[in-house]
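Data block for coords-v4.txt (compact mmCIF, C-alpha atoms):
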# COMPACT_ATOMS: atom_id res chain seq x y z
CA MET M 1 0.00 0.00 0.00
CA ARG M 2 1.25 3.46 -0.91
CA PHE M 3 0.20 6.80 0.58
CA GLU M 4 1.56 10.32 0.33
CA GLY M 5 0.88 13.71 1.84
CA LEU M 6 1.90 16.31 4.37
CA LEU M 7 2.96 15.16 7.82
CA THR M 8 1.22 16.77 10.77
CA LYS M 9 1.02 15.50 14.32
CA MET M 10 -1.00 12.34 14.77
CA LYS M 11 -4.59 12.54 15.99
CA ASN M 12 -5.46 10.27 18.89
CA GLU M 13 -8.40 8.73 20.71
CA HIS M 14 -8.34 7.84 24.40
CA THR M 15 -9.13 4.14 24.34
CA ASN M 16 -7.27 1.14 25.78
CA PRO M 17 -4.90 1.08 24.03
CA ILE M 18 -4.87 4.57 22.55
CA LYS M 19 -5.84 4.78 18.89
CA TYR M 20 -3.68 6.82 16.52
CA TYR M 21 -4.56 8.38 13.18
CA LEU M 22 -2.32 10.03 10.60
CA ASN M 23 -3.97 12.74 8.52
CA LEU M 24 -1.91 13.26 5.35
CA ARG M 25 -4.54 15.59 3.87
CA ASN M 26 -4.78 13.34 0.80
CA ASP M 27 -4.97 10.12 2.86
CA PHE M 28 -6.14 9.24 6.38
CA LEU M 29 -4.45 6.27 8.06
CA TYR M 30 -5.57 4.37 11.16
CA MET M 31 -2.12 3.54 12.53
CA ASN M 32 -2.78 0.77 15.08
CA PRO M 33 -3.31 -2.02 12.48
CA ILE M 34 0.00 -1.03 10.86
CA ILE M 35 1.95 -1.95 14.01
CA GLY M 36 3.87 -5.15 13.24
CA LYS M 37 4.32 -4.23 9.56
CA LYS M 38 7.25 -2.78 7.64
CA ILE M 39 7.04 0.89 6.73
CA ARG M 40 9.08 2.68 4.11
CA LEU M 41 9.16 6.44 4.65
CA ILE M 42 10.44 8.78 1.93
CA HIS M 43 10.85 12.53 2.26
CA LEU M 44 9.83 14.19 -1.02
CA HIS M 45 9.89 17.91 -0.21
CA TYR M 46 8.83 20.54 2.33
CA GLU M 47 5.55 22.41 2.71
CA CYS M 48 5.19 25.08 5.40
CA ILE M 49 1.89 24.44 7.19
CA HIS M 50 1.10 28.16 7.09
CA CYS M 51 2.24 29.58 3.73
CA ARG M 52 2.60 26.15 2.02
CA SER M 53 5.90 27.13 0.40
CA ASP M 54 8.52 24.46 -0.35
CA THR M 55 10.93 26.01 2.14
CA SER M 56 13.05 24.31 4.76
CA ILE M 57 11.07 23.85 7.96
CA TYR M 58 12.32 25.92 10.88
CA ARG M 59 10.16 24.76 13.82
CA GLN M 60 6.74 23.16 14.43
CA GLY M 61 5.95 22.82 10.73
CA TYR M 62 6.60 26.48 9.91
CA CYS M 63 9.24 28.02 7.68
CA LYS M 64 11.41 30.58 9.48
CA LYS M 65 9.42 33.60 8.26
CA CYS M 66 6.06 32.15 9.31
CA PHE M 67 7.38 30.96 12.67
CA PHE M 68 8.21 34.53 13.63
CA THR M 69 5.01 36.09 12.23
CA SER M 70 2.20 33.55 12.79
CA PRO M 71 -0.04 34.06 15.86
CA GLN M 72 0.02 30.27 16.44
CA THR M 73 3.69 30.55 17.47
CA ASN M 74 3.63 33.79 19.43
CA PRO M 75 5.40 34.00 22.82
CA GLY M 76 2.17 33.44 24.77
CA VAL M 77 1.61 30.12 22.99
CA LEU M 78 5.13 28.89 23.64
CA ARG M 79 5.31 30.27 27.20
CA PRO M 80 1.84 30.68 28.75
CA GLU M 81 3.02 33.15 31.39
CA LEU M 82 3.80 35.60 28.56
CA SER M 83 0.17 35.64 27.39
CA ILE M 84 -1.27 39.20 27.25
CA ALA M 85 -4.58 38.74 25.43
CA HIS M 86 -6.40 39.17 28.76
CA LEU M 87 -5.01 42.73 28.81
CA ASP M 88 -6.50 43.36 25.36
CA ILE M 89 -2.96 43.72 23.98
CA GLU M 90 -2.00 42.23 20.65
CA GLN M 91 1.14 40.24 20.01
CA ARG M 92 0.49 39.22 16.40
CA ASP M 93 -3.28 38.83 15.89
CA LEU M 94 -5.45 39.85 18.83
CA LYS M 95 -8.62 38.18 17.56
CA TRP M 96 -6.89 34.80 17.23
CA GLU M 97 -4.99 35.26 20.49
CA LYS M 98 -8.19 35.96 22.40
CA SER M 99 -9.88 32.89 20.92
CA PHE M 100 -6.93 30.72 22.01
CA GLU M 101 -5.86 32.26 25.30
CA LEU M 102 -9.14 33.47 26.83
CA GLN M 103 -10.64 30.09 27.59
CA PRO M 104 -10.28 27.64 30.49
CA HIS M 105 -6.83 26.10 30.91
CA ILE M 106 -5.62 23.19 33.02
CA VAL M 107 -2.37 22.96 34.95
CA TYR M 108 -1.52 19.29 35.39
CA LEU M 109 1.03 16.82 36.66
CA ALA M 110 2.04 13.94 34.43
CA ILE M 111 4.38 10.99 34.46
CA THR M 112 6.15 10.87 31.11
CA GLY M 113 9.79 9.83 31.46
CA GLY M 114 9.46 11.21 34.98
CA PRO M 115 7.08 13.59 36.75
CA LYS M 116 6.47 16.97 35.10
CA VAL M 117 4.14 19.94 35.27
CA GLY M 118 2.34 21.30 32.22
CA VAL M 119 -0.40 23.58 30.87
CA THR M 120 -3.03 22.92 28.23
CA GLN M 121 -6.41 24.21 27.15
CA GLU M 122 -9.10 22.28 29.00
CA ILE M 123 -10.60 21.13 25.69
CA GLN M 124 -7.21 19.59 24.81
CA THR M 125 -7.28 17.02 27.62
CA PRO M 126 -6.43 14.18 27.30
CA THR M 127 -5.03 14.82 23.79
CA ARG M 128 -2.13 16.90 25.11
CA TRP M 129 -1.21 14.23 27.65
CA ILE M 130 -1.19 11.53 24.99
CA ASP M 131 0.98 13.69 22.71
CA GLN M 132 3.56 13.82 25.50
CA GLY M 133 3.49 10.07 26.13
CA ALA M 134 2.17 10.43 29.69
CA ILE M 135 1.16 7.22 31.44
CA GLN M 136 -0.57 8.93 34.39
CA THR M 137 -1.91 12.46 34.85
CA ILE M 138 -3.74 14.48 37.47
CA LYS M 139 -5.24 17.97 37.19
CA ILE M 140 -4.06 20.46 39.78
CA ALA M 141 -5.56 23.81 38.70
CA ARG M 142 -8.26 25.16 36.37
CA THR M 143 -7.93 28.80 35.35
CA PRO M 144 -10.12 31.06 33.19
CA ASN M 145 -7.28 32.00 30.83
CA ARG M 146 -3.83 31.00 29.64
CA TYR M 147 -1.92 33.68 31.52
CA LEU M 148 -3.10 32.57 34.96
CA ALA M 149 -2.29 28.94 34.16
CA GLY M 150 1.15 30.06 33.01
CA ILE M 151 1.78 31.89 36.28
CA VAL M 152 0.95 28.74 38.26
CA GLU M 153 3.17 26.61 36.03
CA ALA M 154 6.05 29.09 36.18
CA THR M 155 5.94 28.93 39.98
CA LEU M 156 5.68 25.15 40.19
CA LYS M 157 8.47 24.46 37.68
CA GLU M 158 10.88 25.81 40.25
CA LYS M 159 10.05 22.61 42.14
CA ILE M 160 9.40 20.12 39.32
CA SER M 161 10.47 19.90 35.68
CA ASP M 162 8.22 21.11 32.86
CA LYS M 163 10.13 19.06 30.27
CA THR M 164 9.39 15.64 28.78
CA HIS M 165 12.57 13.53 28.66
CA TYR M 166 11.76 11.52 25.57
CA ARG M 167 14.37 8.78 25.99
CA ALA M 168 13.05 7.89 29.43
CA MET M 169 9.46 8.21 28.14
CA LEU M 170 10.18 5.67 25.38
CA ARG M 171 11.50 3.04 27.78
CA ILE M 172 9.24 0.65 29.64
CA GLU M 173 10.31 1.61 33.18
CA ILE M 174 7.56 3.27 35.22
CA PRO M 175 8.78 5.86 37.75
CA ASP M 176 7.68 5.25 41.35
CA THR M 177 5.80 8.53 41.75
CA ASP M 178 2.72 9.27 43.84
CA LEU M 179 0.98 11.95 41.77
CA LEU M 180 -1.68 12.59 44.39
CA ALA M 181 0.89 13.22 47.13
CA MET M 182 2.89 15.43 44.78
CA LYS M 183 -0.22 17.45 43.92
CA TYR M 184 -0.85 18.36 47.55
CA TYR M 185 2.82 19.01 48.20
CA LEU M 186 2.91 21.51 45.32
CA LYS M 187 -0.30 23.22 46.43
CA LYS M 188 1.57 25.12 49.15
CA PHE M 189 3.73 26.76 46.48
CA PHE M 190 0.77 28.15 44.53
CA PRO M 191 0.83 31.94 44.13
CA LYS M 192 -1.55 33.48 46.69
CA GLU M 193 -3.81 34.89 43.96
CA SER M 194 -4.10 31.41 42.38
CA GLN M 195 -5.25 29.39 45.42
CA ASP M 196 -8.90 29.51 44.31
CA TYR M 197 -7.99 27.70 41.06
CA PHE M 198 -6.74 24.57 42.83
CA ILE M 199 -8.77 21.50 41.79
CA GLN M 200 -10.06 19.42 44.70
CA GLU M 201 -10.91 16.34 42.62
CA ASP M 202 -8.23 13.65 42.87
CA GLU M 203 -8.93 11.57 39.77
CA ILE M 204 -5.82 10.07 38.14
CA THR M 205 -6.03 9.36 34.41
CA HIS M 206 -4.20 6.25 33.18
CA LEU M 207 -3.03 6.04 29.58
CA HIS M 208 -2.05 2.87 27.69
CA TYR M 209 -0.16 2.85 24.39
CA PRO M 210 -0.07 0.38 21.48
CA VAL M 211 3.51 -0.84 21.89
CA GLU M 212 4.68 -4.40 21.20
CA ASN M 213 8.31 -3.81 22.16
CA TYR M 214 10.03 -0.92 23.92
CA PRO M 215 13.58 -0.05 22.79
CA GLU M 216 16.58 -0.71 25.03
CA LYS M 217 18.95 1.58 23.13
CA ILE M 218 17.33 4.45 21.26
CA GLU M 219 18.46 5.90 17.93
CA THR M 220 16.55 9.00 16.83
CA LEU M 221 15.84 9.34 13.11
CA HIS M 222 15.25 12.60 11.25
CA LEU M 223 14.20 12.92 7.64
CA LYS M 224 16.62 15.79 7.03
CA ALA M 225 19.46 13.32 7.49
CA THR M 226 17.79 10.05 6.48
CA LYS M 227 15.41 10.85 3.63
CA ASP M 228 14.47 7.25 2.81
CA PHE M 229 14.30 4.29 5.19
CA GLU M 230 12.35 1.08 5.73
CA LYS M 231 11.80 -0.47 9.16
CA LYS M 232 9.33 -2.61 11.09
CA LEU M 233 6.94 -0.58 13.25
CA VAL M 234 6.49 -2.12 16.73
CA GLY M 235 4.76 0.65 18.65
CA ILE M 236 3.52 4.19 18.99
CA LYS M 237 3.84 6.34 22.10
CA GLY M 238 3.41 10.09 22.39
CA GLN M 239 4.12 11.34 18.89
CA TYR M 240 6.84 8.72 18.32
CA TRP M 241 6.92 5.71 16.03
CA ILE M 242 9.03 2.94 17.55
CA PHE M 243 10.82 0.48 15.26
CA LYS M 244 12.07 -3.06 15.89
CA ASP M 245 15.75 -2.08 15.72
CA GLY M 246 15.34 0.48 18.52
CA SER M 247 15.19 3.53 16.29
CA VAL M 248 12.38 6.06 16.70
CA ILE M 249 10.99 9.02 14.79
CA ASN M 250 9.05 11.95 16.23
CA ILE M 251 6.17 12.68 13.85
CA ARG M 252 5.40 16.07 15.38
CA ASN M 253 9.00 17.17 14.74
CA HIS M 254 8.34 16.41 11.05
CA GLU M 255 5.29 18.60 10.55
CA GLY M 256 5.75 20.33 7.20
CA PHE M 257 7.54 17.37 5.60
CA TYR M 258 5.76 16.07 2.52
CA ILE M 259 6.30 12.32 2.47
CA GLU M 260 5.50 9.04 0.77
CA ILE M 261 4.68 5.93 2.84
CA HIS M 262 4.78 2.32 1.70
CA ILE M 263 3.31 -0.34 4.01
CA HIS M 264 4.31 -4.00 3.65
CA ASN M 265 2.90 -7.02 5.44
CA ASP M 266 6.34 -8.58 5.96
As structure tokens, how would this structure be written, given the file I've shared?
Amino acid sequence: MRFEGLLTKMKNEHTNPIKYYLNLRNDFLYMNPIIGKKIRLIHLHYECIHCRSDTSIYRQGYCKKCFFTSPQTNPGVLRPELSIAHLDIEQRDLKWEKSFELQPHIVYLAITGGPKVGVTQEIQTPTRWIDQGAIQTIKIARTPNRYLAGIVEATLKEKISDKTHYRAMLRIEIPDTDLLAMKYYLKKFFPKESQDYFIQEDEITHLHYPVENYPEKIETLHLKATKDFEKKLVGIKGQYWIFKDGSVINIRNHEGFYIEIHIHND
């Protein structure tokens, strides 16, 4: 089977195990049945997800010009504490920024490679957690806008990392972390003006991924360096494809790459 199109981050569905879908614009692939099969991936050219030019991708699917001009990559998106839409101040496009930033946000704890703190729009749970490869999550605060969530996160990341360590996340070891105990430990570090946003509910979300084999030694592939390869897919976690030989590829890091995929049964 042959497919081609523009890579964007995989869609997901919170089931057990999680279901993954690849939208290539021209083709739509349900990825779970492909696990266990050989995949050949060929990079044909680039296509900026904003201006659609065949220009080298700078970050997050954008060419360099679009990355520094698009509202979707403004400072308040990348660092929530820098959001200013609540002040009615524009960074790049105030209408878009208000639609994105002035809605409920969740501050959460997650176990990815280890415990971390993060922020996401409430409507993006659990999608955001799955994208990061979290195996357990708990909500710790709900705020009415992105800025307030960013202030909570900025305070808490002095005590706990806000980064996902992908190599640890892609291994099978599960850190011995009590998320509930950590939540209440971190509560005392909340900014005074944010105490009312603390979430009392203690539900822990568990996430299970379609992985046949976890890698022992990890080799990271990138289509800029390896434009054509064929390997057996043995799992998907976060936004990573895991191959039998221990190599992995981050699909989200390849947004804006126009590719061709061949799928073989053996």
Nearest to M:Gly246, restricted to all atoms listed in the file and choosing among M:Lys217, M:His262, M:Lys37, M:Lys224, comes out as M:Lys217
Step by step: start from the point (3.7, -2.9, 4.8) in the file's coordinates, keep every protein, DNA or RNA residue that has an atom no farther than 10 Å from it, count all atoms listed in the file, and write the set as a PDB file with C-alpha atoms, keeping the file's coordinate frame.
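Result file follows (selection07.pdb):
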ATOM      1  CA  MET M   1       0.000   0.000   0.000  1.00  0.00           C
ATOM      2  CA  ARG M   2       1.250   3.460  -0.910  1.00  0.00           C
ATOM      3  CA  ILE M  34       0.000  -1.030  10.860  1.00  0.00           C
ATOM      4  CA  ILE M  35       1.950  -1.950  14.010  1.00  0.00           C
ATOM      5  CA  GLY M  36       3.870  -5.150  13.240  1.00  0.00           C
ATOM      6  CA  LYS M  37       4.320  -4.230   9.560  1.00  0.00           C
ATOM      7  CA  LYS M  38       7.250  -2.780   7.640  1.00  0.00           C
ATOM      8  CA  ILE M  39       7.040   0.890   6.730  1.00  0.00           C
ATOM      9  CA  ARG M  40       9.080   2.680   4.110  1.00  0.00           C
ATOM     10  CA  GLU M 230      12.350   1.080   5.730  1.00  0.00           C
ATOM     11  CA  LYS M 231      11.800  -0.470   9.160  1.00  0.00           C
ATOM     12  CA  LYS M 232       9.330  -2.610  11.090  1.00  0.00           C
ATOM     13  CA  LEU M 233       6.940  -0.580  13.250  1.00  0.00           C
ATOM     14  CA  ILE M 261       4.680   5.930   2.840  1.00  0.00           C
ATOM     15  CA  HIS M 262       4.780   2.320   1.700  1.00  0.00           C
ATOM     16  CA  ILE M 263       3.310  -0.340   4.010  1.00  0.00           C
ATOM     17  CA  HIS M 264       4.310  -4.000   3.650  1.00  0.00           C
ATOM     18  CA  ASN M 265       2.900  -7.020   5.440  1.00  0.00           C
ATOM     19  CA  ASP M 266       6.340  -8.580   5.960  1.00  0.00           C
TER      20      ASP M 266
END
With distances taken over only C-alpha atoms, the candidate from M:Tyr46, M:Tyr30, M:Tyr58, M:Phe68 nearest M:Gly256 is M:Tyr46
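Reported to one decimal place, the separation of atom CA of M:Glu101 from atom CA of M:Pro144 is 9.0 Å.
By chain and then residue number, the residues within 10 Å of stretch 153-163 of chain M are Arg79, Pro80, Glu81, Ile106, Val107, Tyr108, Leu109, Ala110, Thr112, Gly113, Gly114, Pro115, Lys116, Val117, Gly118, Val119, Gln132, Ala141, Tyr147, Leu148, Met182, Leu186, Lys187, Lys188, Phe189, Phe190 and Pro191 of chain M, counting all atoms listed in the file and disregarding those fewer than 5 positions away in sequence.
Residue nearest M:Ile18, chosen from M:Ala181, M:Leu207, M:Met31, M:Leu6 and counting all atoms listed in the file: M:Leu207.
One distance worth recording is that between atom CA of M:Leu22 and atom CA of M:Gly5, which is 10.0 Å.
The residue that comes closest to M:His165, out of M:Gly61, M:Gly150, M:Gly133, M:Pro104 and on the basis of only C-alpha atoms, is M:Gly133.
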Using all atoms listed in the file, the best pick from M:Tyr20, M:Tyr184, M:Tyr209, M:Tyr258 as closest to M:Phe3 would be M:Tyr258
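Atom CA of M:Arg59 lies 12.7 Å from atom CA of M:Ile251.
Among the candidate residues M:Leu44, M:Ile236, M:Leu78, M:Leu29, the one lying nearest to M:Gln60 is M:Leu78, with distances computed using all atoms listed in the file.
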Could you please fill out stretch 93-123 of chain M with N, CA and C atoms and send it back as a PDB file, in the frame of the given file?
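Written out: part.pdb:
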ATOM      1  N   ASP M  93      -1.912  38.790  16.408  1.00  0.00           N
ATOM      2  CA  ASP M  93      -3.280  38.830  15.890  1.00  0.00           C
ATOM      3  C   ASP M  93      -4.211  38.705  17.088  1.00  0.00           C
ATOM      4  N   LEU M  94      -4.715  39.838  17.567  1.00  0.00           N
ATOM      5  CA  LEU M  94      -5.450  39.850  18.830  1.00  0.00           C
ATOM      6  C   LEU M  94      -6.712  38.989  18.780  1.00  0.00           C
ATOM      7  N   LYS M  95      -7.404  38.987  17.665  1.00  0.00           N
ATOM      8  CA  LYS M  95      -8.620  38.180  17.560  1.00  0.00           C
ATOM      9  C   LYS M  95      -8.291  36.706  17.754  1.00  0.00           C
ATOM     10  N   TRP M  96      -7.266  36.204  17.077  1.00  0.00           N
ATOM     11  CA  TRP M  96      -6.890  34.800  17.230  1.00  0.00           C
ATOM     12  C   TRP M  96      -6.388  34.547  18.640  1.00  0.00           C
ATOM     13  N   GLU M  97      -5.565  35.450  19.157  1.00  0.00           N
ATOM     14  CA  GLU M  97      -4.990  35.260  20.490  1.00  0.00           C
ATOM     15  C   GLU M  97      -6.059  35.215  21.568  1.00  0.00           C
ATOM     16  N   LYS M  98      -7.089  36.031  21.438  1.00  0.00           N
ATOM     17  CA  LYS M  98      -8.190  35.960  22.400  1.00  0.00           C
ATOM     18  C   LYS M  98      -8.928  34.631  22.308  1.00  0.00           C
ATOM     19  N   SER M  99      -9.147  34.149  21.085  1.00  0.00           N
ATOM     20  CA  SER M  99      -9.880  32.890  20.920  1.00  0.00           C
ATOM     21  C   SER M  99      -9.097  31.717  21.515  1.00  0.00           C
ATOM     22  N   PHE M 100      -7.785  31.802  21.501  1.00  0.00           N
ATOM     23  CA  PHE M 100      -6.930  30.720  22.010  1.00  0.00           C
ATOM     24  C   PHE M 100      -6.662  30.853  23.497  1.00  0.00           C
ATOM     25  N   GLU M 101      -6.365  32.063  23.939  1.00  0.00           N
ATOM     26  CA  GLU M 101      -5.860  32.260  25.300  1.00  0.00           C
ATOM     27  C   GLU M 101      -6.968  32.535  26.320  1.00  0.00           C
ATOM     28  N   LEU M 102      -8.091  33.116  25.885  1.00  0.00           N
ATOM     29  CA  LEU M 102      -9.140  33.470  26.830  1.00  0.00           C
ATOM     30  C   LEU M 102     -10.196  32.378  26.929  1.00  0.00           C
ATOM     31  N   GLN M 103      -9.753  31.216  27.336  1.00  0.00           N
ATOM     32  CA  GLN M 103     -10.640  30.090  27.590  1.00  0.00           C
ATOM     33  C   GLN M 103     -10.025  29.257  28.706  1.00  0.00           C
ATOM     34  N   PRO M 104     -10.798  28.384  29.344  1.00  0.00           N
ATOM     35  CA  PRO M 104     -10.280  27.640  30.490  1.00  0.00           C
ATOM     36  C   PRO M 104      -9.032  26.809  30.147  1.00  0.00           C
ATOM     37  N   HIS M 105      -8.064  26.857  31.037  1.00  0.00           N
ATOM     38  CA  HIS M 105      -6.830  26.100  30.910  1.00  0.00           C
ATOM     39  C   HIS M 105      -6.628  25.224  32.149  1.00  0.00           C
ATOM     40  N   ILE M 106      -5.918  24.129  31.945  1.00  0.00           N
ATOM     41  CA  ILE M 106      -5.620  23.190  33.020  1.00  0.00           C
ATOM     42  C   ILE M 106      -4.108  23.163  33.266  1.00  0.00           C
ATOM     43  N   VAL M 107      -3.736  23.264  34.535  1.00  0.00           N
ATOM     44  CA  VAL M 107      -2.370  22.960  34.950  1.00  0.00           C
ATOM     45  C   VAL M 107      -2.401  21.532  35.484  1.00  0.00           C
ATOM     46  N   TYR M 108      -1.463  20.707  35.054  1.00  0.00           N
ATOM     47  CA  TYR M 108      -1.520  19.290  35.390  1.00  0.00           C
ATOM     48  C   TYR M 108      -0.148  18.749  35.766  1.00  0.00           C
ATOM     49  N   LEU M 109      -0.175  17.620  36.432  1.00  0.00           N
ATOM     50  CA  LEU M 109       1.030  16.820  36.660  1.00  0.00           C
ATOM     51  C   LEU M 109       0.914  15.573  35.797  1.00  0.00           C
ATOM     52  N   ALA M 110       2.030  15.141  35.270  1.00  0.00           N
ATOM     53  CA  ALA M 110       2.040  13.940  34.430  1.00  0.00           C
ATOM     54  C   ALA M 110       3.300  13.147  34.684  1.00  0.00           C
ATOM     55  N   ILE M 111       3.189  11.841  34.492  1.00  0.00           N
ATOM     56  CA  ILE M 111       4.380  10.990  34.460  1.00  0.00           C
ATOM     57  C   ILE M 111       4.639  10.662  32.997  1.00  0.00           C
ATOM     58  N   THR M 112       5.715  11.195  32.480  1.00  0.00           N
ATOM     59  CA  THR M 112       6.150  10.870  31.110  1.00  0.00           C
ATOM     60  C   THR M 112       7.386   9.998  31.266  1.00  0.00           C
ATOM     61  N   GLY M 113       8.583  10.566  31.082  1.00  0.00           N
ATOM     62  CA  GLY M 113       9.790   9.830  31.460  1.00  0.00           C
ATOM     63  C   GLY M 113       9.993   9.918  32.957  1.00  0.00           C
ATOM     64  N   GLY M 114       9.464  10.949  33.555  1.00  0.00           N
ATOM     65  CA  GLY M 114       9.460  11.210  34.980  1.00  0.00           C
ATOM     66  C   GLY M 114       8.340  12.192  35.249  1.00  0.00           C
ATOM     67  N   PRO M 115       8.157  12.649  36.473  1.00  0.00           N
ATOM     68  CA  PRO M 115       7.080  13.590  36.750  1.00  0.00           C
ATOM     69  C   PRO M 115       7.365  14.964  36.150  1.00  0.00           C
ATOM     70  N   LYS M 116       6.327  15.628  35.667  1.00  0.00           N
ATOM     71  CA  LYS M 116       6.470  16.970  35.100  1.00  0.00           C
ATOM     72  C   LYS M 116       5.179  17.746  35.318  1.00  0.00           C
ATOM     73  N   VAL M 117       5.285  19.065  35.209  1.00  0.00           N
ATOM     74  CA  VAL M 117       4.140  19.940  35.270  1.00  0.00           C
ATOM     75  C   VAL M 117       3.904  20.506  33.880  1.00  0.00           C
ATOM     76  N   GLY M 118       2.645  20.767  33.539  1.00  0.00           N
ATOM     77  CA  GLY M 118       2.340  21.300  32.220  1.00  0.00           C
ATOM     78  C   GLY M 118       1.052  22.094  32.214  1.00  0.00           C
ATOM     79  N   VAL M 119       0.803  22.769  31.082  1.00  0.00           N
ATOM     80  CA  VAL M 119      -0.400  23.580  30.870  1.00  0.00           C
ATOM     81  C   VAL M 119      -1.018  23.199  29.541  1.00  0.00           C
ATOM     82  N   THR M 120      -2.329  23.129  29.491  1.00  0.00           N
ATOM     83  CA  THR M 120      -3.030  22.920  28.230  1.00  0.00           C
ATOM     84  C   THR M 120      -4.423  23.526  28.315  1.00  0.00           C
ATOM     85  N   GLN M 121      -5.005  23.834  27.164  1.00  0.00           N
ATOM     86  CA  GLN M 121      -6.410  24.210  27.150  1.00  0.00           C
ATOM     87  C   GLN M 121      -7.229  23.042  27.689  1.00  0.00           C
ATOM     88  N   GLU M 122      -8.291  23.348  28.423  1.00  0.00           N
ATOM     89  CA  GLU M 122      -9.100  22.280  29.000  1.00  0.00           C
ATOM     90  C   GLU M 122      -9.669  21.365  27.911  1.00  0.00           C
ATOM     91  N   ILE M 123     -10.035  21.943  26.771  1.00  0.00           N
ATOM     92  CA  ILE M 123     -10.600  21.130  25.690  1.00  0.00           C
ATOM     93  C   ILE M 123      -9.562  20.213  25.059  1.00  0.00           C
TER      94      ILE M 123
END
